[in-house]
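Undergrad: Got a structure for you, questions after.
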Amino acid sequence: MDLIFYLTDLAGVAVFAVAGTLLAFRKKMDGFGVIILASATAIGGGTTRDLILDLPVFWTHDPTYIYVIIAAALLTIIWLRFKSYIPINTLLIADAVGLAFFATMGAQKTLAAGFTPFIAVIMGTVSACFGGMLRDVLARDIPMVLKSELYATTCIIGATIYTVLVPYFPVTALAASMLVTLVVRLGAIRYQWSLPVFKEHEHH
Amino acid sequence: MDLIFYLTDLAGVAVFAVAGTLLAFRKKMDGFGVIILASATAIGGGTTRDLILDLPVFWTHDPTYIYVIIAAALLTIIWLRFKSYIPINTLLIADAVGLAFFATMGAQKTLAAGFTPFIAVIMGTVSACFGGMLRDVLARDIPMVLKSELYATTCIIGATIYTVLVPYFPVTALAASMLVTLVVRLGAIRYQWSLPVFKEHEHH
Amino acid sequence: MDLIFYLTDLAGVAVFAVAGTLLAFRKKMDGFGVIILASATAIGGGTTRDLILDLPVFWTHDPTYIYVIIAAALLTIIWLRFKSYIPINTLLIADAVGLAFFATMGAQKTLAAGFTPFIAVIMGTVSACFGGMLRDVLARDIPMVLKSELYATTCIIGATIYTVLVPYFPVTALAASMLVTLVVRLGAIRYQWSLPVFKEHEHH
């Protein structure tokens, strides 16, 4: 099970590194700035989680995470050099897959550290959302999490499913949480699902 | 006294959650993005303070803070749905009240953890300013703290009053610090007080 | 040797405080916002480093750092009041000198805390780049580190030189690392050196 968790974590890091590289490309960045943006996306959420929970920051004791980020970013750069056309929502899809991995793994790591299920749901959401938030702030985009399309809601749903199911069905919990997060997020992108909060916006 | 500190802290969190929700409304955000912006405003400053002082992050061991944020944000959302007109400076006033609570409580918590009065003044300012700074960065506004109107100065004054008075008059220190912070900040907003630093700005 | 490290650290803090004040001037900020931006630039990188490595945050136990920041910012403000013309790249040069100090000292502090050379290179880069990144995000500029001109690359080179040489020649390592970082960065600014990553940017 620990190996599954480890590989899921690495996969999430790789996918977010791809998303960061794609945004760097779209923003016409160059040089090592690309690797910095890929890294901020990939480890920003988990680093924030570990700092808040006062755990050792995950990548400081295992360089594999950094190797995976550099490899994922370089492969994406090579791919972008050969492709003549990049569909606009490749970034959204990479980001959605990353959300699914990180909402689940964030909740898992929080529970393993002995915190309550309520905090596990919050920290799953923080793990999943903060990397992308940092990426968007650095690249001066409005953070996806603050625009609609059920972004944060998706992470809360995924982390809640994991937290509720894991005492009874550990493996199913992992699979169900990631699958539901991914499906809800892709559905929200495809069909523009949203959660209306304010009735109208005429007044300031 | 501990109960008074706790309630003051909760009140500060609630007021900053209201300020975050109001900015989300003005920025036409929707869905859970509103709750995220409210939370970032409400706990961003205290989280930064606890991380820097290496204390347990205050809301990870007491879910009450999160409940208060969600309740404050939801009540503000309901209020915004019924109001047909929101005065522009409601946000500024909510923010000013939050500053008063957090500059004082940030200094109090830093002293209680055994740091020097000098660090207490700095951390009171950090507690008060960083939530709003995070809110403005995420919503892509220029942070209020970097614009004039005595924003940071107000927090430094409030935290200093608390730190100087608390060894002699604990209760008065709390009340005086919050009152002076609020009055100075509201005065700065109302009468455009400022502290000129640069003589002129013609040259770049 | 400890005294040399301490003075180098203080010099780096002072130089970054100057860079923050210059950006505040260019952005027409006023009041205490200037000191806040100077402080964020000067201690943002080292604070992030200490948080990630779970070390006590350097300035919380030694107020000298804060005194140096305030003094450097005030002297810069006085200088700006008397100067009638500020060359545009004074900010770039102050930033470059700060990079040289912090890339080296970040690596040094990480090695001293018992982490691997690989992590030391990363944390040297983080120490050097995060203060300026925070400064640029707060002032709503595109972070220098994300634009080209070998910004992050320079820090990686400097931190690597220090990490490789320090077991054999501690003093030379310090001098060589700072000198090479400074020369590469100034060369990149002067001659527009860059590291092309993406072949072209026609497609989005």
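Within each chain, counting starts at residue 1; across the structure tokens, chains are named A, B, ... in the order shown, with ligands numbered 1 upward in that order.
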Could you give me, as a PyMOL selection string, the residues within 8 Å of range 150-165 of chain A, counting only C-alpha atoms and dropping anything in the same chain fewer than 4 positions from it?
TA: (chain A and resi 99-100+103-104+106-108+117+120-122+124-125+128-129+144-146+169-170+172-174+176-178+180-181+184-185+188+193-195) or (chain B and resi 31-33+36)
Undergrad: Filtering to N, CA, C and O atoms, could you give me those residues as a compact mmCIF listing (two decimals), in the first residue's frame?
TA:
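Here's the written file out_38.txt:
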```
# COMPACT_ATOMS: atom_id res chain seq x y z
N LEU A 99 -5.11 17.30 -9.75
CA LEU A 99 -6.08 17.51 -8.66
C LEU A 99 -6.52 16.18 -8.07
O LEU A 99 -6.59 16.03 -6.84
N ALA A 100 -6.87 15.24 -8.94
CA ALA A 100 -7.37 13.94 -8.50
C ALA A 100 -6.33 13.23 -7.63
O ALA A 100 -6.64 12.70 -6.56
N ALA A 103 -5.67 15.64 -4.19
CA ALA A 103 -6.75 15.73 -3.20
C ALA A 103 -6.77 14.46 -2.37
O ALA A 103 -6.90 14.49 -1.14
N THR A 104 -6.59 13.33 -3.05
CA THR A 104 -6.59 12.03 -2.38
C THR A 104 -5.37 11.85 -1.49
O THR A 104 -5.48 11.52 -0.30
N GLY A 106 -3.32 14.09 -0.34
CA GLY A 106 -3.26 15.08 0.73
C GLY A 106 -4.09 14.64 1.93
O GLY A 106 -3.64 14.74 3.09
N ALA A 107 -5.29 14.11 1.65
CA ALA A 107 -6.15 13.61 2.73
C ALA A 107 -5.48 12.41 3.40
O ALA A 107 -5.45 12.29 4.63
N GLN A 108 -4.92 11.52 2.58
CA GLN A 108 -4.25 10.32 3.11
C GLN A 108 -3.12 10.69 4.07
O GLN A 108 -3.05 10.18 5.19
N PRO A 117 -10.59 13.79 10.49
CA PRO A 117 -11.11 13.74 9.11
C PRO A 117 -11.45 15.12 8.56
O PRO A 117 -11.22 15.39 7.36
N ALA A 120 -8.40 16.60 7.41
CA ALA A 120 -7.92 15.84 6.25
C ALA A 120 -8.58 16.34 4.96
O ALA A 120 -7.91 16.45 3.92
N VAL A 121 -9.87 16.65 5.04
CA VAL A 121 -10.56 17.16 3.84
C VAL A 121 -9.99 18.53 3.45
O VAL A 121 -9.71 18.79 2.28
N ILE A 122 -9.79 19.39 4.45
CA ILE A 122 -9.22 20.72 4.17
C ILE A 122 -7.82 20.59 3.57
O ILE A 122 -7.49 21.23 2.57
N GLY A 124 -6.45 18.00 2.06
CA GLY A 124 -6.52 17.42 0.71
C GLY A 124 -6.77 18.53 -0.30
O GLY A 124 -6.11 18.60 -1.36
N THR A 125 -7.70 19.42 0.04
CA THR A 125 -8.02 20.54 -0.85
C THR A 125 -6.83 21.49 -1.00
O THR A 125 -6.51 21.93 -2.11
N ALA A 128 -4.15 19.96 -3.20
CA ALA A 128 -4.52 19.92 -4.61
C ALA A 128 -4.55 21.31 -5.24
O ALA A 128 -4.12 21.50 -6.38
N CYS A 129 -5.01 22.31 -4.47
CA CYS A 129 -5.25 23.63 -5.07
C CYS A 129 -4.06 24.58 -5.01
O CYS A 129 -3.94 25.46 -5.84
N MET A 144 -7.16 29.53 -11.13
CA MET A 144 -8.31 28.71 -11.52
C MET A 144 -9.25 28.47 -10.35
O MET A 144 -10.46 28.41 -10.51
N VAL A 145 -8.67 28.30 -9.14
CA VAL A 145 -9.47 27.95 -7.98
C VAL A 145 -10.44 29.07 -7.62
O VAL A 145 -11.44 28.84 -6.96
N LEU A 146 -10.14 30.30 -8.07
CA LEU A 146 -11.02 31.43 -7.74
C LEU A 146 -12.04 31.70 -8.84
O LEU A 146 -12.96 32.47 -8.66
N PHE A 169 -12.78 0.51 3.27
CA PHE A 169 -12.24 -0.06 2.04
C PHE A 169 -11.03 0.75 1.57
O PHE A 169 -11.16 1.62 0.70
N PRO A 170 -9.84 0.51 2.12
CA PRO A 170 -8.69 1.36 1.78
C PRO A 170 -8.40 1.49 0.28
O PRO A 170 -8.20 2.60 -0.21
N THR A 172 -10.39 0.70 -2.41
CA THR A 172 -11.52 1.30 -3.11
C THR A 172 -11.56 2.81 -2.87
O THR A 172 -11.86 3.59 -3.78
N ALA A 173 -11.28 3.21 -1.63
CA ALA A 173 -11.31 4.63 -1.28
C ALA A 173 -10.37 5.41 -2.18
O ALA A 173 -10.74 6.46 -2.74
N LEU A 174 -9.16 4.88 -2.35
CA LEU A 174 -8.15 5.55 -3.19
C LEU A 174 -8.64 5.68 -4.62
O LEU A 174 -8.62 6.77 -5.21
N ALA A 176 -11.77 5.28 -5.86
CA ALA A 176 -13.02 6.02 -6.00
C ALA A 176 -12.79 7.52 -5.89
O ALA A 176 -13.33 8.31 -6.68
N SER A 177 -11.97 7.91 -4.93
CA SER A 177 -11.70 9.33 -4.72
C SER A 177 -11.06 9.96 -5.95
O SER A 177 -11.48 11.03 -6.42
N MET A 178 -10.04 9.27 -6.49
CA MET A 178 -9.35 9.85 -7.66
C MET A 178 -10.28 9.89 -8.87
O MET A 178 -10.32 10.88 -9.60
N VAL A 180 -13.66 9.93 -9.00
CA VAL A 180 -14.75 10.91 -8.89
C VAL A 180 -14.21 12.33 -9.07
O VAL A 180 -14.81 13.14 -9.79
N THR A 181 -13.06 12.62 -8.45
CA THR A 181 -12.48 13.96 -8.60
C THR A 181 -12.24 14.27 -10.07
O THR A 181 -12.61 15.34 -10.57
N VAL A 184 -15.67 14.60 -12.06
CA VAL A 184 -16.39 15.83 -11.74
C VAL A 184 -15.68 17.04 -12.35
O VAL A 184 -16.30 17.91 -12.95
N ARG A 185 -14.35 17.07 -12.24
CA ARG A 185 -13.61 18.22 -12.76
C ARG A 185 -13.68 18.30 -14.28
O ARG A 185 -13.90 19.37 -14.85
N ALA A 188 -17.08 19.40 -15.21
CA ALA A 188 -17.26 20.84 -14.97
C ALA A 188 -16.63 21.66 -16.08
O ALA A 188 -17.17 22.69 -16.50
N TRP A 193 -20.27 23.20 -15.69
CA TRP A 193 -21.03 23.14 -14.44
C TRP A 193 -20.57 24.26 -13.53
O TRP A 193 -19.40 24.60 -13.50
N SER A 194 -21.48 24.80 -12.76
CA SER A 194 -21.05 25.77 -11.76
C SER A 194 -22.00 25.77 -10.58
O SER A 194 -23.05 25.15 -10.60
N LEU A 195 -21.58 26.46 -9.55
CA LEU A 195 -22.31 26.53 -8.29
C LEU A 195 -22.60 28.00 -8.05
O LEU A 195 -21.75 28.72 -7.55
N GLY B 31 -19.03 30.13 -6.91
CA GLY B 31 -18.76 28.81 -6.40
C GLY B 31 -17.90 28.84 -5.15
O GLY B 31 -17.92 29.80 -4.38
N PHE B 32 -17.10 27.79 -4.96
CA PHE B 32 -16.31 27.67 -3.75
C PHE B 32 -15.13 28.62 -3.72
O PHE B 32 -14.49 28.80 -2.69
N GLY B 33 -14.82 29.24 -4.85
CA GLY B 33 -13.77 30.25 -4.87
C GLY B 33 -14.00 31.32 -3.82
O GLY B 33 -13.06 31.85 -3.23
N ILE B 36 -12.85 30.01 -0.51
CA ILE B 36 -11.38 29.97 -0.51
C ILE B 36 -10.81 31.36 -0.26
O ILE B 36 -9.90 31.53 0.55
```
Undergrad: Could you give me, as a JSON list (two decimals) with C-alpha atoms, in the first residue's frame, the residues within 9 Å of range 46-55 of chain B, counting only C-alpha atoms and dropping anything in the same chain fewer than 2 positions from it?
TA:
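So around29.json came out as:
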```
[["chain", "number", "residue", "atom", "x", "y", "z"],
["A", 51, "LEU", "CA", 4.43, 23.23, 6.59],
["A", 52, "ILE", "CA", 0.93, 23.69, 8.06],
["A", 54, "ASP", "CA", 4.45, 20.59, 10.79],
["B", 42, "ALA", "CA", -9.20, 35.03, 7.59],
["B", 43, "ILE", "CA", -6.40, 32.58, 8.38],
["B", 44, "GLY", "CA", -3.56, 33.69, 6.08],
["B", 57, "VAL", "CA", -0.91, 26.37, 13.17],
["B", 58, "PHE", "CA", -3.89, 27.60, 15.21],
["B", 59, "TRP", "CA", -6.78, 26.19, 13.14],
["B", 102, "PHE", "CA", -5.29, 40.68, 14.60],
["B", 106, "GLY", "CA", -0.74, 38.56, 16.95],
["B", 110, "THR", "CA", 4.02, 36.12, 20.12],
["B", 113, "ALA", "CA", 5.35, 32.12, 23.08],
["B", 115, "PHE", "CA", 9.60, 36.09, 21.98],
["B", 123, "MET", "CA", 4.42, 39.52, 14.22],
["B", 124, "GLY", "CA", 1.34, 41.53, 15.22],
["B", 126, "VAL", "CA", 2.36, 40.23, 10.00],
["B", 127, "SER", "CA", -0.76, 38.59, 11.53],
["B", 128, "ALA", "CA", -2.87, 41.63, 10.66],
["B", 130, "PHE", "CA", -0.75, 39.01, 5.59],
["B", 131, "GLY", "CA", -4.34, 37.73, 5.33],
["C", 47, "THR", "CA", 12.30, 32.70, 5.62],
["C", 50, "ASP", "CA", 14.12, 28.07, 7.01],
["C", 51, "LEU", "CA", 10.45, 27.03, 6.94],
["C", 54, "ASP", "CA", 12.33, 23.24, 9.56],
["C", 55, "LEU", "CA", 15.04, 25.51, 11.04],
["C", 56, "PRO", "CA", 14.24, 28.47, 13.34],
["C", 57, "VAL", "CA", 13.46, 31.43, 11.06],
["C", 60, "THR", "CA", 13.09, 35.83, 14.79]]
```
Undergrad: Need to verify the contact set: Thr76 in chain B, 9 Å, only C-alpha atoms, exclusion of same-chain residues closer than 6 positions in sequence. Can you return it as a PyMOL selection string?
TA: chain B and resi 17-18+21-22
Undergrad: How many Å separate CA of Pro167 in chain A from CA of Val15 in chain A?
TA: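 Spanning CA of Pro167 in chain A to CA of Val15 in chain A is a straight-line distance of 27.9 Å.
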Undergrad: Between CA of Lys28 in chain A and CA of Gly187 in chain C, what is the distance in Å, rounded to a tenth?
TA: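 Interatomic distance here is 22.3 Å.
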Undergrad: Which of these, B:Lys147, B:His61, B:Arg190, B:Lys109, has the shortest distance to chain A once you count only C-alpha atoms?
TA: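 With only C-alpha atoms as the atom set, the closest residue is B:His61.
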Undergrad: Please run DSSP on the backbone and report, as a PyMOL selection string, all residues within range 5-203 of chain C that come out as alpha helix (DSSP H).
TA: chain C and resi 5-26+33-53+64-82+90-112+117-138+151-165+170-191
Undergrad: When you draw a straight line from CA of Gly114 in chain A to CA of Ala175 in chain A, how long is it in Å?
TA: 21.9 Å
Undergrad: Would you kindly return, as a list in words, each protein, DNA or RNA residue with an atom no farther than 7 Å from any atom of Val137 in chain B, considering only C-alpha atoms and excluding same-chain residues fewer than 5 positions away?
TA: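 Here the qualifying residues turn out to be Ile142 and Pro143 of chain B; Leu138 of chain C.
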